[in-house]
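To start, the structure itself, in structure tokens.
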Amino acid sequence: MKKFSTILLVVLSCGLAATAFGQYKKPSGLSIRGGLFFPSAKAAQAEGHTWFGVGLDYKLRDVGYSAGMTGFDRSYTVSIDYYGKGDYSNVPLMMNYVARGERFYYGAGAGLGIAQTPDGSGGTNTNTEFVYQLSVGMDFQQGMTPVFVEARFFGSAESLVSGFGIFAGMRF
């Protein structure tokens, strides 16, 4: 029930944020994504080879240009994600650096994650762990709404919740 409440809270937050930010005419810096997560640990794959994942990014500020990075918009973002299945889940909260060209972008981030894993006796362990991510993506313009697809690697000190994700999303 606790896990269901967490998932419901993340999904409702995404929906409410999308509705609220969708009303603004100028970009707000919010990105919402959803997709599939593929755990890398064999023990976690026993729960399923494909998990569900959602996330939010919010752009905090732009970073000034330097001579070596002309043509790129660079920014700092904060992100929160959820991915999991069964007794395994992770909720990483990270600070990220994102460099964006005309259509492609890449990013890296680090922070803390709340990892839930089985304890071996029918219960679960919940720990706060160091997490990081590496991402690469491509932006598209679909009508008036910017959309994107991206691949992310989520790493964690709790290796049972590390793996790759493929996501699609919208920017507001």
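Ordering of the structure tokens sets the chain letters (A, B, ...); residue numbers start at 1 within each chain; ligands are numbered from 1 in the order shown.
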
Distance query region 73-78 of chain A at most 7 Å, only C-alpha atoms, self and fewer than 3 positions along chain excluded, as a count of residues only: 15

Region 132-145 of chain A surroundings by only C-alpha atoms, 6 Å radius, close-in-sequence under 2 positions cut, as an MDAnalysis selection string: chainID A and resid 103:110 147:155

Tell me, which residues of chain A carry DSSP helix (DSSP H, G or I), written as a PyMOL selection string? chain A and resi 2-21+42-45+67-69+159-161

Could you tell me, as a VMD selection string, which residues of region 47-134 of chain A DSSP assigns to strand (DSSP E or B) when given the backbone? chain A and resid 51 to 63 73 to 85 88 to 100 104 to 118 124 to 134

Do a neighbour search on Ala115 (chain A) at 12 Å with only C-alpha atoms, toss out local chain neighbours closer than 6 positions, and write the hits as a ChimeraX atom specification. /A:3,81-85,87-93,124-131,155-162

Restricting the output to N, CA and C atoms, write the selected residues as a PDB file, in the first residue's frame.
ATOM      1  N   LYS A   3       3.866   1.602  -1.295  1.00  0.00           N
ATOM      2  CA  LYS A   3       4.428   1.778  -2.633  1.00  0.00           C
ATOM      3  C   LYS A   3       3.371   2.354  -3.581  1.00  0.00           C
ATOM      4  N   ASP A  81      12.743  11.502  -9.913  1.00  0.00           N
ATOM      5  CA  ASP A  81      12.254  10.394 -10.721  1.00  0.00           C
ATOM      6  C   ASP A  81      11.693   9.312  -9.804  1.00  0.00           C
ATOM      7  N   TYR A  82      10.971   8.412 -10.405  1.00  0.00           N
ATOM      8  CA  TYR A  82      10.533   7.192  -9.739  1.00  0.00           C
ATOM      9  C   TYR A  82      10.638   6.083 -10.772  1.00  0.00           C
ATOM     10  N   TYR A  83      11.229   4.969 -10.392  1.00  0.00           N
ATOM     11  CA  TYR A  83      11.167   3.759 -11.209  1.00  0.00           C
ATOM     12  C   TYR A  83      11.164   2.565 -10.275  1.00  0.00           C
ATOM     13  N   GLY A  84      10.439   1.546 -10.682  1.00  0.00           N
ATOM     14  CA  GLY A  84      10.382   0.372  -9.839  1.00  0.00           C
ATOM     15  C   GLY A  84       9.391  -0.658 -10.321  1.00  0.00           C
ATOM     16  N   LYS A  85       9.441  -1.797  -9.651  1.00  0.00           N
ATOM     17  CA  LYS A  85       8.494  -2.877  -9.896  1.00  0.00           C
ATOM     18  C   LYS A  85       8.578  -3.828  -8.709  1.00  0.00           C
ATOM     19  N   ASP A  87       8.995  -5.358  -5.287  1.00  0.00           N
ATOM     20  CA  ASP A  87       9.684  -4.926  -4.072  1.00  0.00           C
ATOM     21  C   ASP A  87      10.865  -4.000  -4.340  1.00  0.00           C
ATOM     22  N   TYR A  88      11.147  -3.692  -5.601  1.00  0.00           N
ATOM     23  CA  TYR A  88      12.283  -2.838  -5.957  1.00  0.00           C
ATOM     24  C   TYR A  88      11.786  -1.485  -6.444  1.00  0.00           C
ATOM     25  N   SER A  89      12.387  -0.412  -5.941  1.00  0.00           N
ATOM     26  CA  SER A  89      12.081   0.924  -6.455  1.00  0.00           C
ATOM     27  C   SER A  89      13.189   1.884  -6.046  1.00  0.00           C
ATOM     28  N   ASN A  90      13.221   3.020  -6.720  1.00  0.00           N
ATOM     29  CA  ASN A  90      14.158   4.079  -6.378  1.00  0.00           C
ATOM     30  C   ASN A  90      13.505   5.414  -6.705  1.00  0.00           C
ATOM     31  N   VAL A  91      13.734   6.389  -5.840  1.00  0.00           N
ATOM     32  CA  VAL A  91      13.265   7.754  -6.050  1.00  0.00           C
ATOM     33  C   VAL A  91      14.486   8.664  -5.934  1.00  0.00           C
ATOM     34  N   PRO A  92      15.197   8.900  -7.073  1.00  0.00           N
ATOM     35  CA  PRO A  92      16.378   9.763  -7.027  1.00  0.00           C
ATOM     36  C   PRO A  92      16.011  11.245  -7.137  1.00  0.00           C
ATOM     37  N   LEU A  93      16.626  12.068  -6.306  1.00  0.00           N
ATOM     38  CA  LEU A  93      16.515  13.527  -6.349  1.00  0.00           C
ATOM     39  C   LEU A  93      17.917  14.042  -6.655  1.00  0.00           C
ATOM     40  N   THR A 124      10.968  -5.485   3.187  1.00  0.00           N
ATOM     41  CA  THR A 124      11.799  -4.639   2.339  1.00  0.00           C
ATOM     42  C   THR A 124      12.697  -3.743   3.181  1.00  0.00           C
ATOM     43  N   ASN A 125      13.846  -3.383   2.612  1.00  0.00           N
ATOM     44  CA  ASN A 125      14.749  -2.392   3.192  1.00  0.00           C
ATOM     45  C   ASN A 125      14.565  -1.082   2.440  1.00  0.00           C
ATOM     46  N   THR A 126      14.560   0.020   3.157  1.00  0.00           N
ATOM     47  CA  THR A 126      14.519   1.339   2.543  1.00  0.00           C
ATOM     48  C   THR A 126      15.731   2.103   3.021  1.00  0.00           C
ATOM     49  N   ASN A 127      16.571   2.538   2.061  1.00  0.00           N
ATOM     50  CA  ASN A 127      17.812   3.245   2.384  1.00  0.00           C
ATOM     51  C   ASN A 127      17.955   4.492   1.523  1.00  0.00           C
ATOM     52  N   THR A 128      18.617   5.488   2.074  1.00  0.00           N
ATOM     53  CA  THR A 128      18.987   6.670   1.312  1.00  0.00           C
ATOM     54  C   THR A 128      20.402   6.461   0.803  1.00  0.00           C
ATOM     55  N   GLU A 129      20.568   6.534  -0.519  1.00  0.00           N
ATOM     56  CA  GLU A 129      21.834   6.197  -1.164  1.00  0.00           C
ATOM     57  C   GLU A 129      22.277   7.315  -2.110  1.00  0.00           C
ATOM     58  N   PHE A 130      23.577   7.352  -2.420  1.00  0.00           N
ATOM     59  CA  PHE A 130      24.111   8.224  -3.455  1.00  0.00           C
ATOM     60  C   PHE A 130      23.630   7.715  -4.812  1.00  0.00           C
ATOM     61  N   VAL A 131      23.163   8.628  -5.680  1.00  0.00           N
ATOM     62  CA  VAL A 131      22.717   8.274  -7.028  1.00  0.00           C
ATOM     63  C   VAL A 131      23.341   9.225  -8.040  1.00  0.00           C
ATOM     64  N   GLY A 155      22.542   5.311 -11.947  1.00  0.00           N
ATOM     65  CA  GLY A 155      23.432   4.530 -11.107  1.00  0.00           C
ATOM     66  C   GLY A 155      23.130   4.820  -9.650  1.00  0.00           C
ATOM     67  N   SER A 156      23.375   3.848  -8.789  1.00  0.00           N
ATOM     68  CA  SER A 156      23.088   4.001  -7.374  1.00  0.00           C
ATOM     69  C   SER A 156      24.097   3.210  -6.556  1.00  0.00           C
ATOM     70  N   ALA A 157      24.383   3.709  -5.352  1.00  0.00           N
ATOM     71  CA  ALA A 157      25.216   2.941  -4.425  1.00  0.00           C
ATOM     72  C   ALA A 157      24.543   1.598  -4.135  1.00  0.00           C
ATOM     73  N   GLU A 158      23.232   1.539  -4.213  1.00  0.00           N
ATOM     74  CA  GLU A 158      22.478   0.284  -4.109  1.00  0.00           C
ATOM     75  C   GLU A 158      22.354  -0.260  -5.529  1.00  0.00           C
ATOM     76  N   SER A 159      23.277  -1.128  -5.922  1.00  0.00           N
ATOM     77  CA  SER A 159      23.371  -1.575  -7.321  1.00  0.00           C
ATOM     78  C   SER A 159      22.123  -2.307  -7.815  1.00  0.00           C
ATOM     79  N   LEU A 160      21.277  -2.800  -6.914  1.00  0.00           N
ATOM     80  CA  LEU A 160      20.059  -3.499  -7.327  1.00  0.00           C
ATOM     81  C   LEU A 160      19.077  -2.587  -8.051  1.00  0.00           C
ATOM     82  N   VAL A 161      19.195  -1.258  -7.890  1.00  0.00           N
ATOM     83  CA  VAL A 161      18.273  -0.332  -8.547  1.00  0.00           C
ATOM     84  C   VAL A 161      18.985   0.532  -9.583  1.00  0.00           C
ATOM     85  N   SER A 162      20.092   0.046 -10.121  1.00  0.00           N
ATOM     86  CA  SER A 162      20.791   0.721 -11.219  1.00  0.00           C
ATOM     87  C   SER A 162      20.322   0.132 -12.543  1.00  0.00           C
TER      88      SER A 162
END

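Pairwise distance (CA of Gly71 (chain A), CA of Gly111 (chain A)) equals 28.1 Å.
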
What lies within 8 Å of Gly34 (chain A) using only C-alpha atoms, ignoring chain neighbours under 6 positions off, as number ranges by chain? A: 52-55, 167-169

Those residues with N, CA and C atoms, as a PDB file, in the first residue's frame please?
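Output file part_35.pdb follows:
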ATOM      1  N   PHE A  52       8.492   0.361 -14.896  1.00  0.00           N
ATOM      2  CA  PHE A  52       7.894   1.646 -15.249  1.00  0.00           C
ATOM      3  C   PHE A  52       8.707   2.767 -14.608  1.00  0.00           C
ATOM      4  N   GLY A  53       8.837   3.891 -15.302  1.00  0.00           N
ATOM      5  CA  GLY A  53       9.546   5.043 -14.736  1.00  0.00           C
ATOM      6  C   GLY A  53       8.900   6.357 -15.145  1.00  0.00           C
ATOM      7  N   VAL A  54       8.914   7.339 -14.239  1.00  0.00           N
ATOM      8  CA  VAL A  54       8.435   8.699 -14.514  1.00  0.00           C
ATOM      9  C   VAL A  54       9.413   9.685 -13.880  1.00  0.00           C
ATOM     10  N   GLY A  55       9.380  10.918 -14.375  1.00  0.00           N
ATOM     11  CA  GLY A  55      10.262  11.916 -13.786  1.00  0.00           C
ATOM     12  C   GLY A  55       9.891  13.338 -14.159  1.00  0.00           C
ATOM     13  N   PHE A 167      12.912   7.077 -22.272  1.00  0.00           N
ATOM     14  CA  PHE A 167      11.790   7.922 -21.889  1.00  0.00           C
ATOM     15  C   PHE A 167      11.354   8.829 -23.030  1.00  0.00           C
ATOM     16  N   ALA A 168      10.111   9.242 -22.977  1.00  0.00           N
ATOM     17  CA  ALA A 168       9.568  10.281 -23.852  1.00  0.00           C
ATOM     18  C   ALA A 168       8.884  11.287 -22.944  1.00  0.00           C
ATOM     19  N   GLY A 169       8.855  12.540 -23.374  1.00  0.00           N
ATOM     20  CA  GLY A 169       8.232  13.542 -22.518  1.00  0.00           C
ATOM     21  C   GLY A 169       7.916  14.837 -23.225  1.00  0.00           C
TER      22      GLY A 169
END
